[in-house]
>>> print(open('input_28.cif').read())   # mmCIF, C-alpha atoms
data_protein
#
loop_
_atom_site.label_atom_id
_atom_site.label_comp_id
_atom_site.auth_asym_id
_atom_site.auth_seq_id
_atom_site.Cartn_x
_atom_site.Cartn_y
_atom_site.Cartn_z
CA MET A 19 -13.59 24.15 26.49
CA SER A 20 -14.98 21.95 23.71
CA GLU A 21 -17.60 19.37 24.55
CA TYR A 22 -17.81 16.06 22.72
CA ASP A 23 -19.89 12.94 23.10
CA VAL A 24 -16.83 10.79 22.36
CA VAL A 25 -13.10 11.39 22.23
CA VAL A 26 -11.11 8.72 20.38
CA VAL A 27 -7.43 8.52 21.30
CA GLY A 28 -5.35 7.27 18.37
CA ALA A 29 -5.93 7.50 14.60
CA GLY A 30 -4.97 4.01 13.45
CA PRO A 31 -7.49 1.77 11.64
CA GLY A 32 -9.28 1.00 14.94
CA GLY A 33 -9.58 4.61 16.08
CA SER A 34 -10.64 6.03 12.72
CA THR A 35 -13.20 3.28 12.20
CA ALA A 36 -14.59 3.86 15.69
CA ALA A 37 -14.81 7.62 15.08
CA LYS A 38 -16.52 7.11 11.73
CA SER A 39 -18.96 4.71 13.34
CA CYS A 40 -19.69 7.25 16.12
CA ALA A 41 -20.18 10.09 13.64
CA GLU A 42 -22.51 8.02 11.48
CA GLU A 43 -24.58 7.36 14.59
CA GLY A 44 -24.93 11.12 14.98
CA LEU A 45 -22.44 11.58 17.80
CA ASN A 46 -20.17 14.56 18.21
CA VAL A 47 -16.72 12.97 18.05
CA LEU A 48 -13.07 14.04 18.15
CA ILE A 49 -10.01 11.94 17.23
CA VAL A 50 -6.68 12.95 18.73
CA GLU A 51 -3.46 11.56 17.29
CA LYS A 52 -0.20 12.24 19.08
CA ARG A 53 1.94 12.01 15.99
CA GLN A 54 2.08 14.81 13.49
CA GLU A 55 1.42 12.40 10.64
CA ILE A 56 -1.33 9.80 10.55
CA GLY A 57 -0.08 6.44 9.29
CA ALA A 58 3.64 7.03 9.67
CA PRO A 59 5.86 5.47 10.77
CA VAL A 60 4.01 2.20 10.35
CA ARG A 61 4.50 -0.61 12.83
CA CYS A 62 2.97 -3.28 10.72
CA ALA A 63 3.55 -6.04 8.15
CA GLU A 64 0.45 -4.67 6.37
CA GLY A 65 -1.15 -7.98 5.36
CA VAL A 66 -4.93 -8.49 5.43
CA SER A 67 -7.44 -11.00 4.13
CA LYS A 68 -9.06 -9.70 0.98
CA SER A 69 -12.56 -10.89 1.80
CA GLU A 70 -12.47 -9.64 5.39
CA LEU A 71 -11.29 -6.19 4.36
CA ALA A 72 -13.91 -6.03 1.61
CA SER A 73 -16.59 -6.72 4.21
CA LEU A 74 -15.54 -3.58 6.09
CA VAL A 75 -14.65 -0.95 3.49
CA GLU A 76 -14.86 -0.33 -0.22
CA ILE A 77 -11.51 -1.39 -1.67
CA LYS A 78 -9.44 1.41 -3.19
CA LYS A 79 -6.52 0.61 -5.49
CA ARG A 80 -4.46 3.50 -4.15
CA TRP A 81 -3.82 1.87 -0.78
CA ILE A 82 -3.23 -1.67 -2.06
CA ALA A 83 0.51 -2.26 -2.47
CA ALA A 84 0.18 -5.84 -3.71
CA GLU A 85 -2.11 -8.84 -3.93
CA VAL A 86 -1.07 -12.38 -3.06
CA ALA A 87 -2.45 -15.74 -4.14
CA GLY A 88 -1.49 -17.58 -1.00
CA ALA A 89 1.21 -18.36 1.52
CA LYS A 90 4.26 -20.56 1.80
CA VAL A 91 5.09 -21.77 5.29
CA TYR A 92 8.59 -23.13 5.97
CA SER A 93 9.15 -25.51 8.88
CA PRO A 94 12.48 -25.37 10.78
CA ASP A 95 14.06 -27.80 8.28
CA ASN A 96 12.48 -25.80 5.43
CA THR A 97 9.79 -28.29 4.47
CA VAL A 98 7.38 -26.08 2.54
CA ILE A 99 3.63 -26.06 2.93
CA THR A 100 1.91 -24.11 0.18
CA LEU A 101 -1.47 -22.60 0.87
CA SER A 102 -3.12 -21.17 -2.18
CA ALA A 103 -6.34 -19.93 -3.60
CA GLU A 104 -8.70 -22.36 -5.25
CA GLN A 105 -7.91 -21.09 -8.71
CA ALA A 106 -5.03 -19.20 -10.17
CA GLY A 107 -5.77 -15.50 -10.39
CA ASN A 108 -8.04 -15.69 -7.37
CA GLU A 109 -5.95 -13.62 -4.96
CA VAL A 110 -6.76 -14.02 -1.29
CA GLY A 111 -4.66 -11.42 0.44
CA TYR A 112 -3.79 -7.76 0.22
CA ILE A 113 -0.64 -6.07 1.39
CA LEU A 114 -1.69 -2.55 2.25
CA GLU A 115 0.14 0.74 2.00
CA ARG A 116 -0.70 1.76 5.56
CA LYS A 117 0.59 5.29 5.14
CA ILE A 118 -2.14 5.87 2.56
CA PHE A 119 -4.73 3.54 4.05
CA ASP A 120 -4.66 5.07 7.55
CA ARG A 121 -5.00 8.59 6.17
CA TRP A 122 -7.85 7.54 3.92
CA LEU A 123 -9.65 5.99 6.90
CA ALA A 124 -9.12 9.14 8.97
CA LYS A 125 -10.54 11.22 6.11
CA GLN A 126 -13.54 8.90 5.93
CA ALA A 127 -14.13 9.58 9.61
CA ALA A 128 -13.80 13.32 8.99
CA LYS A 129 -16.23 13.11 6.07
CA ALA A 130 -18.73 11.42 8.35
CA GLY A 131 -18.39 14.38 10.71
CA ALA A 132 -15.54 13.60 13.11
CA ASP A 133 -13.07 16.29 14.17
CA ILE A 134 -9.39 15.33 13.98
CA LEU A 135 -6.38 16.83 15.74
CA VAL A 136 -2.85 15.61 15.03
CA LYS A 137 0.32 16.33 17.03
CA THR A 138 -2.08 16.16 19.96
CA ALA A 139 -1.37 13.75 22.82
CA ALA A 140 -3.85 12.73 25.49
CA ILE A 141 -1.88 13.13 28.70
CA GLY A 142 -4.50 12.27 31.30
CA ILE A 143 -8.18 11.89 32.06
CA GLU A 144 -10.11 13.28 35.02
CA LYS A 145 -13.65 12.47 36.02
CA ASP A 146 -15.42 15.81 35.97
CA GLY A 147 -18.93 15.41 37.39
CA GLU A 148 -21.10 14.01 34.65
CA ALA A 149 -18.34 13.85 32.04
CA LEU A 150 -14.68 13.11 31.47
CA LYS A 151 -12.10 15.84 31.24
CA ILE A 152 -9.58 14.69 28.61
CA LYS A 153 -6.30 16.54 29.11
CA LEU A 154 -4.51 17.23 25.85
CA ARG A 155 -1.17 18.60 24.76
CA ARG A 156 -1.09 19.98 21.25
CA ALA A 157 2.30 21.09 19.96
CA GLY A 158 3.32 21.97 23.51
CA GLU A 159 0.12 23.76 24.49
CA PHE A 160 -2.12 22.31 27.17
CA PHE A 161 -5.91 22.30 27.03
CA ASP A 162 -8.90 20.13 27.94
CA VAL A 163 -11.97 18.81 26.18
CA THR A 164 -14.90 17.01 27.77
CA ALA A 165 -16.38 13.75 26.64
CA LYS A 166 -19.08 11.38 27.80
CA ILE A 167 -17.04 8.40 26.66
CA VAL A 168 -13.39 7.89 25.76
CA ILE A 169 -12.40 5.28 23.20
CA GLY A 170 -8.81 4.17 23.74
CA ALA A 171 -7.37 3.21 20.35
CA ASP A 172 -3.88 4.17 21.46
CA GLY A 173 -2.15 1.00 20.43
CA VAL A 174 0.23 -1.34 22.17
CA GLU A 175 1.52 1.51 24.33
CA SER A 176 -2.02 2.37 25.49
CA ARG A 177 -2.45 4.68 28.45
CA VAL A 178 -6.21 5.22 28.23
CA GLY A 179 -7.07 1.84 29.74
CA LYS A 180 -4.67 2.39 32.63
CA TRP A 181 -6.06 5.86 33.36
CA MET A 182 -9.59 4.46 33.40
CA GLY A 183 -8.76 1.46 35.58
CA ILE A 184 -7.98 -1.37 33.15
CA ASP A 185 -4.41 -2.60 33.53
CA THR A 186 -3.22 -3.18 29.97
CA THR A 187 0.45 -3.69 30.87
CA LEU A 188 1.87 -6.58 28.85
CA LYS A 189 4.08 -9.35 30.24
CA LEU A 190 7.06 -10.66 28.31
CA ASN A 191 5.09 -13.74 27.22
CA GLU A 192 2.17 -11.62 26.01
CA ILE A 193 3.98 -9.59 23.36
CA GLU A 194 5.91 -10.18 20.17
CA SER A 195 8.95 -7.97 19.77
CA CYS A 196 9.16 -7.14 16.07
CA VAL A 197 11.46 -5.54 13.54
CA GLN A 198 10.97 -5.27 9.80
CA TYR A 199 12.89 -4.06 6.78
CA LEU A 200 11.20 -2.84 3.65
CA MET A 201 13.60 -4.24 1.06
CA THR A 202 13.77 -4.15 -2.73
CA GLY A 203 15.17 -6.54 -5.29
CA LEU A 204 13.73 -9.64 -3.64
CA ASP A 205 11.84 -10.98 -6.65
CA GLU A 206 14.83 -12.93 -7.96
CA LYS A 207 14.89 -15.11 -4.87
CA TYR A 208 11.27 -15.32 -3.70
CA ASP A 209 7.94 -15.96 -5.39
CA MET A 210 6.22 -12.63 -4.97
CA ASP A 211 2.75 -14.04 -5.58
CA TYR A 212 2.94 -15.46 -2.07
CA CYS A 213 3.46 -14.38 1.50
CA HIS A 214 6.25 -16.38 3.13
CA PHE A 215 6.45 -17.52 6.74
CA TRP A 216 9.45 -19.20 8.38
CA LEU A 217 9.08 -21.06 11.66
CA GLY A 218 11.59 -22.45 14.15
CA HIS A 219 12.53 -21.76 17.73
CA SER A 220 16.23 -21.53 16.98
CA ARG A 221 15.83 -18.94 14.22
CA CYS A 222 12.87 -17.02 15.66
CA PRO A 223 12.10 -18.05 19.27
CA GLY A 224 8.40 -17.85 20.04
CA GLY A 225 7.48 -16.17 16.78
CA TYR A 226 8.01 -16.29 13.04
CA ILE A 227 9.80 -14.55 10.19
CA TRP A 228 7.70 -13.11 7.39
CA LEU A 229 8.02 -11.78 3.87
CA PHE A 230 5.01 -9.83 2.60
CA PRO A 231 5.35 -8.61 -1.02
CA LYS A 232 4.70 -4.92 -1.65
CA GLY A 233 4.98 -4.87 -5.45
CA ASN A 234 7.87 -4.23 -7.86
CA GLY A 235 10.16 -6.73 -6.15
CA SER A 236 9.94 -5.05 -2.78
CA ALA A 237 8.59 -6.63 0.41
CA ASN A 238 8.25 -6.28 4.14
CA PHE A 239 10.82 -8.71 5.57
CA GLY A 240 10.29 -8.95 9.29
CA ILE A 241 10.44 -10.99 12.45
CA GLY A 242 8.55 -11.31 15.70
CA VAL A 243 10.08 -13.03 18.72
CA MET A 244 8.64 -13.57 22.17
CA PRO A 245 10.91 -11.79 24.68
CA SER A 246 10.28 -14.44 27.36
CA MET A 247 11.81 -17.06 25.04
CA ALA A 248 14.40 -15.09 23.08
CA LYS A 249 17.94 -14.58 24.37
CA GLU A 250 18.80 -11.93 21.80
CA THR A 251 16.93 -9.00 20.24
CA ALA A 252 14.46 -9.37 17.36
CA LYS A 253 16.91 -7.46 15.18
CA TYR A 254 19.69 -9.95 15.95
CA TYR A 255 17.58 -12.92 14.79
CA LEU A 256 16.35 -11.16 11.64
CA ASP A 257 19.83 -10.05 10.61
CA ARG A 258 21.17 -13.56 11.22
CA PHE A 259 18.38 -15.08 9.11
CA LEU A 260 18.88 -12.65 6.23
CA GLU A 261 22.59 -13.39 6.24
CA ALA A 262 21.88 -17.15 6.16
CA GLU A 263 19.53 -16.54 3.22
CA GLY A 264 22.32 -14.70 1.46
CA ILE A 265 20.47 -11.40 1.32
CA GLY A 266 22.60 -8.31 1.58
CA MET A 267 21.56 -5.33 3.64
CA SER A 268 22.24 -2.87 0.84
CA LYS A 269 18.66 -2.56 -0.41
CA VAL A 270 16.77 -1.60 2.74
CA VAL A 271 14.38 1.29 2.11
CA GLU A 272 12.85 1.49 5.57
CA VAL A 273 13.26 0.04 9.06
CA VAL A 274 10.29 -0.30 11.38
CA ALA A 275 9.94 -1.85 14.81
CA GLY A 276 7.01 -2.63 17.01
CA GLY A 277 5.36 -4.68 19.70
CA VAL A 278 2.33 -6.85 19.01
CA PRO A 279 0.07 -7.95 21.87
CA VAL A 280 -0.62 -11.68 21.51
CA SER A 281 -2.69 -12.45 24.57
CA PRO A 282 -6.36 -11.47 24.71
CA MET A 283 -7.74 -9.62 27.72
CA GLU A 284 -10.83 -10.48 29.75
CA LYS A 285 -12.10 -6.92 30.16
CA ILE A 286 -11.92 -4.26 27.43
CA SER A 287 -14.45 -1.75 28.73
CA THR A 288 -15.25 0.04 31.96
CA GLU A 289 -17.24 3.05 33.07
CA ARG A 290 -17.10 5.67 30.27
CA CYS A 291 -14.36 3.76 28.44
CA LEU A 292 -14.02 1.35 25.51
CA LEU A 293 -10.71 -0.04 24.23
CA VAL A 294 -10.13 -0.80 20.54
CA GLY A 295 -7.46 -2.60 18.49
CA ASP A 296 -4.03 -3.28 19.99
CA ALA A 297 -5.03 -1.31 23.11
CA ALA A 298 -7.69 -4.00 23.64
CA ARG A 299 -5.20 -6.71 22.61
CA HIS A 300 -7.34 -7.63 19.64
CA ALA A 301 -4.41 -8.84 17.53
CA ASP A 302 -4.46 -12.54 16.73
CA PRO A 303 -2.18 -14.66 18.98
CA ILE A 304 -1.21 -16.94 16.08
CA THR A 305 -0.82 -14.58 13.13
CA GLY A 306 -0.24 -11.31 14.96
CA GLY A 307 -2.69 -9.74 12.50
CA GLY A 308 -4.61 -6.87 14.02
CA ILE A 309 -6.03 -4.56 11.34
CA ILE A 310 -9.29 -6.38 10.65
CA ASN A 311 -10.17 -6.95 14.31
CA ALA A 312 -9.30 -3.35 15.16
CA MET A 313 -11.73 -2.17 12.50
CA ARG A 314 -14.44 -4.63 13.51
CA GLY A 315 -14.05 -3.63 17.15
CA GLY A 316 -14.06 0.05 16.18
CA LYS A 317 -17.33 -0.36 14.33
CA ILE A 318 -18.90 -2.08 17.34
CA ALA A 319 -17.47 0.53 19.74
CA GLY A 320 -19.16 3.33 17.79
CA LYS A 321 -22.52 1.59 17.94
CA VAL A 322 -22.25 0.84 21.67
CA ALA A 323 -21.13 4.43 22.39
CA ALA A 324 -24.16 5.75 20.49
CA GLU A 325 -26.50 3.49 22.44
CA ALA A 326 -24.95 4.65 25.71
CA VAL A 327 -25.39 8.32 24.72
CA ARG A 328 -29.01 7.76 23.72
CA LYS A 329 -29.77 6.01 27.00
CA ASN A 330 -27.49 8.33 28.99
CA ASP A 331 -25.98 5.25 30.64
CA PHE A 332 -22.19 5.12 30.79
CA SER A 333 -21.85 2.55 33.54
CA ALA A 334 -19.37 -0.31 33.33
CA ARG A 335 -22.34 -2.64 33.37
CA PHE A 336 -24.01 -1.06 30.35
CA LEU A 337 -20.79 -0.76 28.35
CA SER A 338 -19.88 -4.40 29.01
CA ARG A 339 -22.11 -5.20 26.04
CA TYR A 340 -19.12 -4.07 23.98
CA ASP A 341 -17.05 -6.91 25.45
CA LYS A 342 -19.83 -9.34 24.69
CA LEU A 343 -20.33 -8.17 21.09
CA CYS A 344 -16.58 -8.29 20.37
CA LYS A 345 -16.37 -11.76 21.85
CA GLU A 346 -19.20 -12.97 19.64
CA ASP A 347 -17.73 -11.33 16.55
CA PHE A 348 -14.03 -12.29 16.77
CA GLY A 349 -13.06 -12.67 20.44
CA LYS A 350 -13.79 -16.37 20.57
CA THR A 351 -11.34 -16.97 17.74
CA LEU A 352 -8.69 -14.98 19.63
CA GLU A 353 -9.17 -17.10 22.74
CA ARG A 354 -9.08 -20.32 20.75
CA ASN A 355 -5.94 -19.22 18.90
CA LYS A 356 -4.31 -18.33 22.23
CA ILE A 357 -4.73 -21.96 23.34
CA LEU A 358 -3.27 -23.11 20.02
CA GLN A 359 -0.39 -20.63 20.35
CA LYS A 360 0.54 -21.93 23.81
CA LYS A 361 0.61 -25.46 22.46
CA ILE A 362 2.75 -24.56 19.45
CA LEU A 363 5.19 -22.57 21.59
CA LYS A 364 5.90 -25.72 23.59
CA MET A 365 6.64 -27.78 20.48
CA LYS A 366 10.22 -28.62 19.60
CA ASP A 367 11.50 -27.83 16.11
CA GLU A 368 11.51 -31.56 15.40
CA THR A 369 7.77 -31.76 16.06
CA LEU A 370 7.14 -28.78 13.79
CA ASN A 371 9.13 -30.53 11.04
CA ASN A 372 7.06 -33.67 11.43
CA LEU A 373 3.85 -31.70 11.32
CA ALA A 374 4.94 -29.97 8.13
CA LYS A 375 5.86 -33.33 6.60
CA SER A 376 2.45 -34.68 7.52
CA LEU A 377 0.94 -32.05 5.22
CA GLU A 378 3.36 -32.64 2.33
CA GLY A 379 1.72 -33.17 -1.00
CA TYR A 380 -1.62 -31.96 0.24
CA ARG A 381 -3.07 -29.05 -1.66
CA MET A 382 -4.27 -26.61 0.96
CA GLU A 383 -7.05 -24.43 -0.30
CA ASP A 384 -8.49 -23.28 2.98
CA MET A 385 -6.20 -20.41 3.92
CA SER A 386 -7.51 -19.82 7.41
CA VAL A 387 -5.75 -20.90 10.60
CA THR A 388 -8.82 -23.06 11.29
CA GLY A 389 -8.44 -24.82 7.95
CA ILE A 390 -4.78 -25.66 8.44
CA VAL A 391 -5.28 -26.82 12.01
CA LYS A 392 -8.24 -28.99 11.02
CA GLU A 393 -6.05 -30.76 8.49
CA LEU A 394 -3.21 -31.10 11.03
CA ILE A 395 -5.57 -32.62 13.57
CA LYS A 396 -6.82 -35.15 11.02
CA ARG A 397 -3.30 -36.17 10.17
CA ASN A 398 -1.84 -36.04 13.70
CA PRO A 399 -4.68 -36.92 16.06
CA LYS A 400 -2.36 -37.93 18.91
CA ILE A 401 -0.53 -34.62 19.02
CA PHE A 402 -3.68 -32.53 18.83
CA TRP A 403 -6.09 -34.66 20.85
CA ASP A 404 -6.72 -31.78 23.26
CA LEU A 405 -7.61 -29.27 20.53
CA LYS A 406 -10.04 -31.50 18.69
CA SER A 407 -13.16 -30.12 20.32
CA LEU A 408 -12.01 -26.52 19.67
CA PHE A 409 -11.44 -26.91 15.96
CA LEU A 410 -13.49 -29.82 14.55
CA MET B 12 13.62 2.04 45.95
CA PRO B 13 16.95 0.19 45.92
CA ASP B 14 19.48 1.72 43.61
CA ARG B 15 19.73 -0.82 40.84
CA GLY B 16 21.01 1.65 38.27
CA ARG B 17 19.08 3.43 35.58
CA ILE B 18 17.84 2.63 32.08
CA VAL B 19 19.48 4.56 29.28
CA VAL B 20 18.29 4.96 25.68
CA ASP B 21 20.67 4.66 22.76
CA ARG B 22 19.02 7.19 20.45
CA PHE B 23 20.95 5.94 17.44
CA LYS B 24 19.41 2.50 17.87
CA CYS B 25 15.90 3.38 19.09
CA ALA B 26 13.27 2.91 16.36
CA TYR B 27 10.61 4.63 18.52
CA CYS B 28 8.17 1.73 18.37
CA GLY B 29 6.71 1.93 21.87
CA ALA B 30 7.19 -1.75 22.75
CA CYS B 31 9.01 -0.68 25.93
CA VAL B 32 6.09 1.55 26.91
CA SER B 33 3.67 -1.39 26.74
CA VAL B 34 5.49 -3.52 29.33
CA CYS B 35 6.09 -0.81 31.95
CA LYS B 36 3.75 -1.17 34.88
CA ASN B 37 4.83 2.17 36.33
CA ASN B 38 4.36 4.20 33.14
CA ALA B 39 7.98 5.32 33.39
CA ASN B 40 8.58 5.01 29.63
CA GLU B 41 6.91 7.51 27.37
CA LEU B 42 7.16 7.97 23.65
CA VAL B 43 6.44 11.32 22.07
CA GLU B 44 6.80 11.09 18.31
CA THR B 45 10.35 9.84 17.90
CA PHE B 46 11.58 10.72 21.37
CA LEU B 47 11.54 8.12 24.13
CA THR B 48 11.86 9.31 27.70
CA ILE B 49 12.28 7.26 30.86
CA ASP B 50 11.22 8.89 34.11
CA ASP B 51 13.83 7.72 36.64
CA SER B 52 11.53 8.60 39.54
CA LYS B 53 8.98 6.04 38.29
CA CYS B 54 11.43 3.40 37.00
CA ASN B 55 12.32 0.53 39.32
CA CYS B 56 14.79 -0.92 36.85
CA CYS B 57 12.87 -4.18 36.41
CA MET B 58 14.55 -4.60 33.00
CA LEU B 59 11.39 -5.69 31.18
CA CYS B 60 11.73 -2.84 28.70
CA VAL B 61 15.35 -3.78 28.05
CA LYS B 62 14.24 -7.32 27.24
CA VAL B 63 11.33 -6.35 24.96
CA CYS B 64 13.23 -3.79 22.85
CA PRO B 65 13.50 -5.20 19.30
CA MET B 66 16.48 -2.99 18.49
CA GLY B 67 18.59 -3.47 21.60
CA ALA B 68 18.41 0.26 22.24
CA LEU B 69 17.93 0.08 26.02
CA SER B 70 20.49 -0.85 28.64
CA VAL B 71 21.21 -0.40 32.33
CA LYS B 72 23.81 2.00 33.54
CA SER B 73 24.87 1.59 37.16
#
>>> encode(input="input_28.cif", output="structure tokens")
Amino acid sequence: MSEYDVVVVGAGPGGSTAAKSCAEEGLNVLIVEKRQEIGAPVRCAEGVSKSELASLVEIKKRWIAAEVAGAKVYSPDNTVITLSAEQAGNEVGYILERKIFDRWLAKQAAKAGADILVKTAAIGIEKDGEALKIKLRRAGEFFDVTAKIVIGADGVESRVGKWMGIDTTLKLNEIESCVQYLMTGLDEKYDMDYCHFWLGHSRCPGGYIWLFPKGNGSANFGIGVMPSMAKETAKYYLDRFLEAEGIGMSKVVEVVAGGVPVSPMEKISTERCLLVGDAARHADPITGGGIINAMRGGKIAGKVAAEAVRKNDFSARFLSRYDKLCKEDFGKTLERNKILQKKILKMKDETLNNLAKSLEGYRMEDMSVTGIVKELIKRNPKIFWDLKSLFL
Amino acid sequence: MPDRGRIVVDRFKCAYCGACVSVCKNNANELVETFLTIDDSKCNCCMLCVKVCPMGALSVKS
């Protein structure tokens, strides 16, 4: 039986970054990925902030599908708010090619010293004296490895947290149900220098519709709806929207679906266990974006795991520093955006239209959620009186 | 458990995304690669997975 310091379950951006971070700290680490291919099928719109990604990894052209200069947000009555970079040519966002990006990240982890097994599912964890016994199934064969710590980076469908005593089960108002088509031939109708976001409870209840360009006229065209608010499936609303836009379904290259957790969790660590990425519900409640936070959390998880190994302390108390560090790094923003999300979900389409109109003519250069909300608060103090202290 | 029927998967519709797995308190749903299974002995037919499915691939059969 192999012995590791850390076993990471899941080889997405969070898991691979965590494993790389562990390996760089000198730990003996294994990543297990239940699929036979890392990075496919994606469950992601693939958009990231250019500056945030650059702060985490060296940018490689081969996993950038497209760059965008900004975003266009459409209110329910299609009033457009354009958010764009300060100067032309100063792109602010990347649309990744996750199939290449995820594999590259996994290879980076391997280069740093991590072992990787694909087609290998974690099927249970037992406490075995002074270690954990991680039960694995690889291509139908059962075996165990031991670890001092398990890092659960097993996504929205996470089991690791549940096995270790953290209930990660999502409620219907804590998840976005998503479907996305990779389509081609969209450049005649949409400005492909921008990401596009459509809002409105009637066309996408409790969520939004997105178009993220992927180069050469193709784009991820997707939708997220909140199941507690939607009467029909995500696919129903997306198909209805595309029909209303006059887009045929004859140029769909790929269909992907997914669930995005949009409600942060109080506790993301326990004895001998750290959760990373979607498993820790680190996706943003407003944007649904999860790649950057997964990687940031992964980096922190590796450092905390290394400290725990050095001190030989794997108690829930010691590992709770992971919760604290994540909260300081990005967790506070998640909590703040959850409050904002709840408020927006209660707004009628008419209110959203008025808010969009209040921003008309204003050139938005601050692309962040904070920037937009600050401007909205200034222009609509009565509506946002309760959020003032959170954002200004 | 009262017999409220069982959840069935339409494999032609399922896009194997795992959203249904994330809402199941009893860990009845499990996704292995592209194959979703629902363990009837764990399922109490609460319908949450039916409601979260983006593709409409799950339904109840009585």
>>> interface_residues(input="input_28.cif", of="chain B", to="chain A", cutoff="10 Å", atoms="all atoms listed in the file", output="PyMOL selection string")
chain B and resi 25-38+40-45+59-68
>>> atom_distance(input="input_28.cif", atom1="atom CA of A:Val280", atom2="atom CA of A:Leu363")
12.3 Å
>>> residues_around(input="input_28.cif", residues="B:Gly16", least_positions_apart="5", cutoff="9 Å", atoms="all atoms listed in the file", output="list of chain:residue names")
B:Asn55, B:Cys56, B:Val71, B:Lys72, B:Ser73
>>> atom_distance(input="input_28.cif", atom1="atom CA of A:Lys151", atom2="atom CA of A:Thr164")
4.6 Å
>>> resolve_selection(input="input_28.cif", expression="the PyMOL selection byres ((chain A and resi 63) around 10)", output="ChimeraX atom specification")
/A:60-62,64-66,113-116,196-200,228-232,237-241,274,306-307
>>> atom_distance(input="input_28.cif", atom1="atom CA of A:Ser407", atom2="atom CA of A:Ser67")
25.7 Å
>>> resolve_selection(input="input_28.cif", expression="the PyMOL selection byres ((chain A and resi 347) around 12)", output="list of chain:residue names")
A:His300, A:Ile310, A:Asn311, A:Ala312, A:Met313, A:Arg314, A:Gly315, A:Gly316, A:Lys317, A:Ile318, A:Tyr340, A:Asp341, A:Lys342, A:Leu343, A:Cys344, A:Lys345, A:Glu346, A:Phe348, A:Gly349, A:Lys350, A:Thr351, A:Leu352
